[in-house]
Every structure is written in structure tokens, then in C-alpha cells.
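> Before I ask anything, let me first share the structure, which is written out below as C-alpha cells.
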Amino acid sequence: MDTIETIRTRRVTRSFTDRQVELAQLLLVVDAGRHAMSARNLQPWQFILIRDRTVLREVGALCTTGPFVAEAPAAIVVLKDRSSKRWADVDCAQAVQNMANAAWSLGLGTCWVGTLEQDRIRAILGIPETWAIFTILPLGYPAARSASVGQGLKPRSETVHFERYGQHEP
């Protein structure tokens, strides 16, 4: 799948098949994150790859907005360097976007998990205090692909301006 098609067709995935995700695929996805743009090339991220079903269930139980992590065949925990305050959120978000697109191009789905119990997950995964959990990306083969490509997308005329705000035509 080419880049533009990947971006245009990618959908959020919260339901996965039982098919195992190969380590080689996870490494391709995480490498896409590692190649994200980074202010001053600080690369304020670390990644924890999880494939152990017991750990996935433990962590998933602590994800308020992502209990489906427990049923995913794999997950990537994205850590953010707490000492890198100015651009770390933006850099980590770019890494997540790269990983979501890379996963989709490989036939895998994911969903950004926003609310989770940081301290309890930190203890389970042995994360040092110098790192915050930015998000968790459950990964797996989608149980069903959405046929609604582009559904809900605002029209270009509402979001794109030419030369100055309010000018919707070139």
C-alpha cells in the first residue's frame, strides 16, 4: 500500500483477531516511530513492545479508555522523556502517527489509548520515574475493516484556505 492510500484509508481499530503479530512486523512499526521528526533531534521517546498475553491483560485492565488492549495480540507502550518539556509531546505524537500508518500499511490496526493508570502500569513494566507513559498502541489484525473510507471527514472547503483565512479557492 502506498503512503497516500495508507493515510487516506487508515481507521481506528479496537477489535482484533487472535492472529499473532510477528516480531519482525512490530520492529518495522516501532522503527517507523523512531524515524519521526524530532525537534533538535532529541528523540524524547522509548518504546516497550509487549506480546505476553498475561502482561497485555494486566495493562489492558488499567487502560480506562482502552480495555481492548487486553485482547490485542501485541502493544507498543510509548514513553516520553520527562526532562524534555518543550517539544516532547509533539515529537511523541509524530512517532505515534508514523507507527499507526506503518501498522496499517502492514495490515495491522491500532488505536491511541488516552486514559490509563500511569503509576500501576509503570510498576508492572518497570518504567523509571524519568519517563512518562505517553500512550499505549494495541496492535493486531483488525477483526473487521471499516468500509466507510472518508466518512466523517469535514469537506476541504471548511478546512483549507488559500493565501489568507476565509479564501477557499486558489
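Residues in the C-alpha cells are numbered from 1 in each chain, the chains being A, B, ... in the order shown, and ligands are numbered from 1 in the order shown.
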Enumerate as a ChimeraX atom specification all residues of region 50-104 of chain A assigned to alpha helix (DSSP H) by DSSP on the backbone, naming them with the chain letters and numbers the document uses.
/A:53-60,88-104
> Env of Trp87 (chain A): 9 Å cut, atoms = only C-alpha atoms, seq-sep filter 5 positions within chain, self excluded. Answer as a PyMOL selection string.
chain A and resi 38-39+44+92
> Deliver the residues from the most recent selection as a file, using N, CA, C and O atoms, as a JSON list (two decimals), in the first residue's frame.

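The resulting file, out.json, is reproduced below:
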[["chain", "number", "residue", "atom", "x", "y", "z"],
["A", 38, "SER", "N", 11.81, 15.08, 14.93],
["A", 38, "SER", "CA", 12.04, 15.37, 16.34],
["A", 38, "SER", "C", 12.75, 16.71, 16.46],
["A", 38, "SER", "O", 13.80, 16.92, 15.86],
["A", 39, "ALA", "N", 12.16, 17.60, 17.25],
["A", 39, "ALA", "CA", 12.76, 18.92, 17.46],
["A", 39, "ALA", "C", 14.18, 18.76, 17.99],
["A", 39, "ALA", "O", 14.42, 18.02, 18.95],
["A", 44, "PRO", "N", 12.79, 12.20, 22.12],
["A", 44, "PRO", "CA", 12.44, 12.04, 23.53],
["A", 44, "PRO", "C", 11.52, 10.85, 23.80],
["A", 44, "PRO", "O", 10.56, 10.95, 24.56],
["A", 92, "CYS", "N", 6.55, 12.90, 20.25],
["A", 92, "CYS", "CA", 5.95, 11.59, 20.51],
["A", 92, "CYS", "C", 4.68, 11.38, 19.69],
["A", 92, "CYS", "O", 4.43, 10.28, 19.19]]
> Would you kindly return, as a list of chain:residue names, each protein, DNA or RNA residue with an atom no farther than 12 Å from any atom of His35 (chain A), considering only C-alpha atoms and excluding same-chain residues fewer than 2 positions away?
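Here the qualifying residues turn out to be A:Leu28, A:Val29, A:Val30, A:Asp31, A:Ala32, A:Gly33, A:Met37, A:Ser38, A:Asn41, A:Leu42, A:Gln43, A:Trp45, A:Asp91, A:Cys92, A:Gln94, A:Ala95, A:Val96, A:Gln97, A:Asn98, A:Met99, A:Ala102.
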> Given the selection you just returned, output its residues as a file containing all heavy atoms, formatted as a compact mmCIF listing (two decimals), in the first residue's frame.

# COMPACT_ATOMS: atom_id res chain seq x y z
N LEU A 28 9.27 -3.25 12.49
CA LEU A 28 9.04 -2.31 11.39
C LEU A 28 8.19 -1.14 11.87
O LEU A 28 8.47 0.02 11.55
CB LEU A 28 8.35 -3.00 10.22
CG LEU A 28 9.19 -3.93 9.37
CD1 LEU A 28 8.30 -4.70 8.38
CD2 LEU A 28 10.27 -3.15 8.62
N VAL A 29 7.16 -1.43 12.66
CA VAL A 29 6.27 -0.38 13.16
C VAL A 29 7.03 0.55 14.10
O VAL A 29 6.97 1.78 13.97
CB VAL A 29 5.04 -1.00 13.86
CG1 VAL A 29 4.23 0.07 14.58
CG2 VAL A 29 4.17 -1.74 12.84
N VAL A 30 7.77 -0.02 15.04
CA VAL A 30 8.49 0.83 16.00
C VAL A 30 9.60 1.61 15.31
O VAL A 30 9.86 2.77 15.67
CB VAL A 30 8.99 0.01 17.21
CG1 VAL A 30 10.30 -0.71 16.94
CG2 VAL A 30 9.14 0.89 18.43
N ASP A 31 10.21 1.04 14.29
CA ASP A 31 11.22 1.79 13.54
C ASP A 31 10.60 2.98 12.81
O ASP A 31 11.24 4.03 12.66
CB ASP A 31 11.97 0.89 12.56
CG ASP A 31 13.05 0.06 13.25
OD1 ASP A 31 13.40 0.37 14.41
OD2 ASP A 31 13.54 -0.90 12.63
N ALA A 32 9.35 2.83 12.36
CA ALA A 32 8.65 3.98 11.76
C ALA A 32 8.52 5.09 12.80
O ALA A 32 8.69 6.27 12.49
CB ALA A 32 7.29 3.56 11.24
N GLY A 33 8.25 4.73 14.04
CA GLY A 33 8.19 5.72 15.12
C GLY A 33 9.54 6.35 15.38
O GLY A 33 9.64 7.57 15.58
N MET A 37 9.93 12.89 12.84
CA MET A 37 10.63 14.16 13.04
C MET A 37 10.73 14.43 14.53
O MET A 37 9.87 14.04 15.31
CB MET A 37 9.86 15.29 12.37
CG MET A 37 9.87 15.21 10.86
SD MET A 37 9.08 16.65 10.10
CE MET A 37 7.36 16.33 10.44
N SER A 38 11.81 15.08 14.93
CA SER A 38 12.04 15.37 16.34
C SER A 38 12.75 16.71 16.46
O SER A 38 13.80 16.92 15.86
CB SER A 38 12.89 14.26 16.96
OG SER A 38 13.28 14.59 18.26
N ASN A 41 16.35 17.05 17.11
CA ASN A 41 16.72 15.63 17.07
C ASN A 41 16.90 15.04 18.47
O ASN A 41 17.72 14.15 18.69
CB ASN A 41 17.98 15.41 16.23
CG ASN A 41 18.12 13.97 15.78
OD1 ASN A 41 17.12 13.26 15.60
ND2 ASN A 41 19.35 13.52 15.60
N LEU A 42 16.11 15.50 19.43
CA LEU A 42 16.21 14.99 20.81
C LEU A 42 15.67 13.56 20.96
O LEU A 42 16.07 12.85 21.87
CB LEU A 42 15.48 15.93 21.78
CG LEU A 42 16.12 17.30 21.95
CD1 LEU A 42 15.26 18.17 22.85
CD2 LEU A 42 17.54 17.18 22.51
N GLN A 43 14.75 13.17 20.07
CA GLN A 43 14.17 11.83 20.12
C GLN A 43 13.76 11.47 21.56
O GLN A 43 14.28 10.51 22.13
CB GLN A 43 15.15 10.82 19.55
CG GLN A 43 15.56 11.13 18.12
CD GLN A 43 16.67 10.24 17.62
OE1 GLN A 43 16.58 9.03 17.70
NE2 GLN A 43 17.73 10.87 17.11
N TRP A 45 11.78 9.74 23.16
CA TRP A 45 10.90 8.59 23.28
C TRP A 45 11.67 7.32 23.58
O TRP A 45 12.87 7.21 23.33
CB TRP A 45 10.10 8.40 21.99
CG TRP A 45 10.96 8.45 20.73
CD1 TRP A 45 11.99 7.61 20.39
CD2 TRP A 45 10.87 9.39 19.68
NE1 TRP A 45 12.55 7.97 19.20
CE2 TRP A 45 11.87 9.07 18.72
CE3 TRP A 45 10.04 10.47 19.42
CZ2 TRP A 45 12.06 9.79 17.55
CZ3 TRP A 45 10.23 11.18 18.25
CH2 TRP A 45 11.23 10.84 17.33
N ASP A 91 6.77 15.61 19.43
CA ASP A 91 7.64 14.58 18.87
C ASP A 91 7.03 13.19 19.05
O ASP A 91 7.01 12.38 18.12
CB ASP A 91 9.02 14.63 19.51
CG ASP A 91 9.84 15.84 19.10
OD1 ASP A 91 9.40 16.59 18.21
OD2 ASP A 91 10.92 16.04 19.68
N CYS A 92 6.55 12.90 20.25
CA CYS A 92 5.95 11.59 20.51
C CYS A 92 4.68 11.38 19.69
O CYS A 92 4.43 10.28 19.19
CB CYS A 92 5.67 11.41 22.00
SG CYS A 92 7.18 11.17 22.97
N GLN A 94 4.13 12.60 16.74
CA GLN A 94 4.57 12.29 15.38
C GLN A 94 5.03 10.84 15.28
O GLN A 94 4.77 10.17 14.27
CB GLN A 94 5.69 13.25 14.96
CG GLN A 94 5.17 14.65 14.74
CD GLN A 94 6.25 15.58 14.23
OE1 GLN A 94 6.31 15.82 13.03
NE2 GLN A 94 7.08 16.09 15.12
N ALA A 95 5.69 10.35 16.31
CA ALA A 95 6.11 8.95 16.32
C ALA A 95 4.90 8.03 16.29
O ALA A 95 4.86 7.03 15.56
CB ALA A 95 6.99 8.67 17.55
N VAL A 96 3.87 8.38 17.08
CA VAL A 96 2.64 7.57 17.12
C VAL A 96 1.97 7.57 15.75
O VAL A 96 1.52 6.53 15.26
CB VAL A 96 1.69 8.09 18.22
CG1 VAL A 96 0.30 7.49 18.08
CG2 VAL A 96 2.27 7.80 19.60
N GLN A 97 1.89 8.73 15.11
CA GLN A 97 1.27 8.81 13.79
C GLN A 97 2.03 7.94 12.79
O GLN A 97 1.41 7.21 12.01
CB GLN A 97 1.25 10.27 13.31
CG GLN A 97 0.52 10.47 12.01
CD GLN A 97 -0.99 10.37 12.17
OE1 GLN A 97 -1.51 10.61 13.25
NE2 GLN A 97 -1.67 10.00 11.12
N ASN A 98 3.35 8.02 12.81
CA ASN A 98 4.14 7.17 11.91
C ASN A 98 3.86 5.69 12.17
O ASN A 98 3.72 4.91 11.24
CB ASN A 98 5.64 7.43 12.12
CG ASN A 98 6.15 8.61 11.33
OD1 ASN A 98 5.40 9.38 10.77
ND2 ASN A 98 7.48 8.77 11.32
N MET A 99 3.80 5.32 13.45
CA MET A 99 3.58 3.91 13.79
C MET A 99 2.19 3.45 13.38
O MET A 99 2.02 2.34 12.87
CB MET A 99 3.82 3.66 15.28
CG MET A 99 5.30 3.76 15.64
SD MET A 99 5.68 3.23 17.32
CE MET A 99 5.02 4.60 18.26
N ALA A 102 2.30 3.04 9.60
CA ALA A 102 3.11 1.87 9.24
C ALA A 102 2.35 0.59 9.54
O ALA A 102 2.34 -0.35 8.72
CB ALA A 102 4.44 1.89 9.99
> Write out as a list in words the residues lying within 12 Å of Gln25 (chain A), counting only C-alpha atoms and excluding same-chain residues fewer than 6 positions away.
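Contacts, with the query itself left out: Asp31, Ala32, Leu49, Ala74, Ala75, Ile76, Met99, Ala102, Ala103, Trp104, Ser105, Leu106, Gly107, Leu108, Leu139, Gly140 and Tyr141 of chain A.
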> Pick out each residue of region 6-51 of chain A that DSSP on the backbone tags as strand (DSSP E); I need them as a list in words.
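Here are the strand (DSSP E) residues of region 6-51 of chain A: Trp45, Gln46, Phe47, Ile48, Leu49 and Ile50 of chain A.
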> Considering only C-alpha atoms, return as a list in words whatever protein or nucleic-acid residues lie within 6 Å of region 11-13 of chain A, sequence-local ones (same chain, fewer than 2 positions apart) excluded.
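After dropping sequence-adjacent residues, the list is Ser15, Gly109, Thr110 and Cys111 of chain A.
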> Write the residues of the preceding selection, restricted to N, CA, C and O atoms, as a tab-separated table (two decimals), in the first residue's frame.

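This went into again-v8.tsv:
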chain	number	residue	atom	x	y	z
A	15	SER	N	-10.84	-3.81	17.84
A	15	SER	CA	-11.19	-5.23	17.90
A	15	SER	C	-10.25	-5.98	16.97
A	15	SER	O	-10.12	-5.63	15.79
A	109	GLY	N	-4.01	-2.98	12.68
A	109	GLY	CA	-4.75	-1.84	13.17
A	109	GLY	C	-4.28	-1.45	14.56
A	109	GLY	O	-3.63	-2.24	15.26
A	110	THR	N	-4.64	-0.24	14.97
A	110	THR	CA	-4.30	0.25	16.30
A	110	THR	C	-5.24	1.37	16.69
A	110	THR	O	-6.04	1.85	15.87
A	111	CYS	N	-5.14	1.80	17.92
A	111	CYS	CA	-5.93	2.90	18.44
A	111	CYS	C	-5.14	3.54	19.58
A	111	CYS	O	-4.63	2.85	20.47
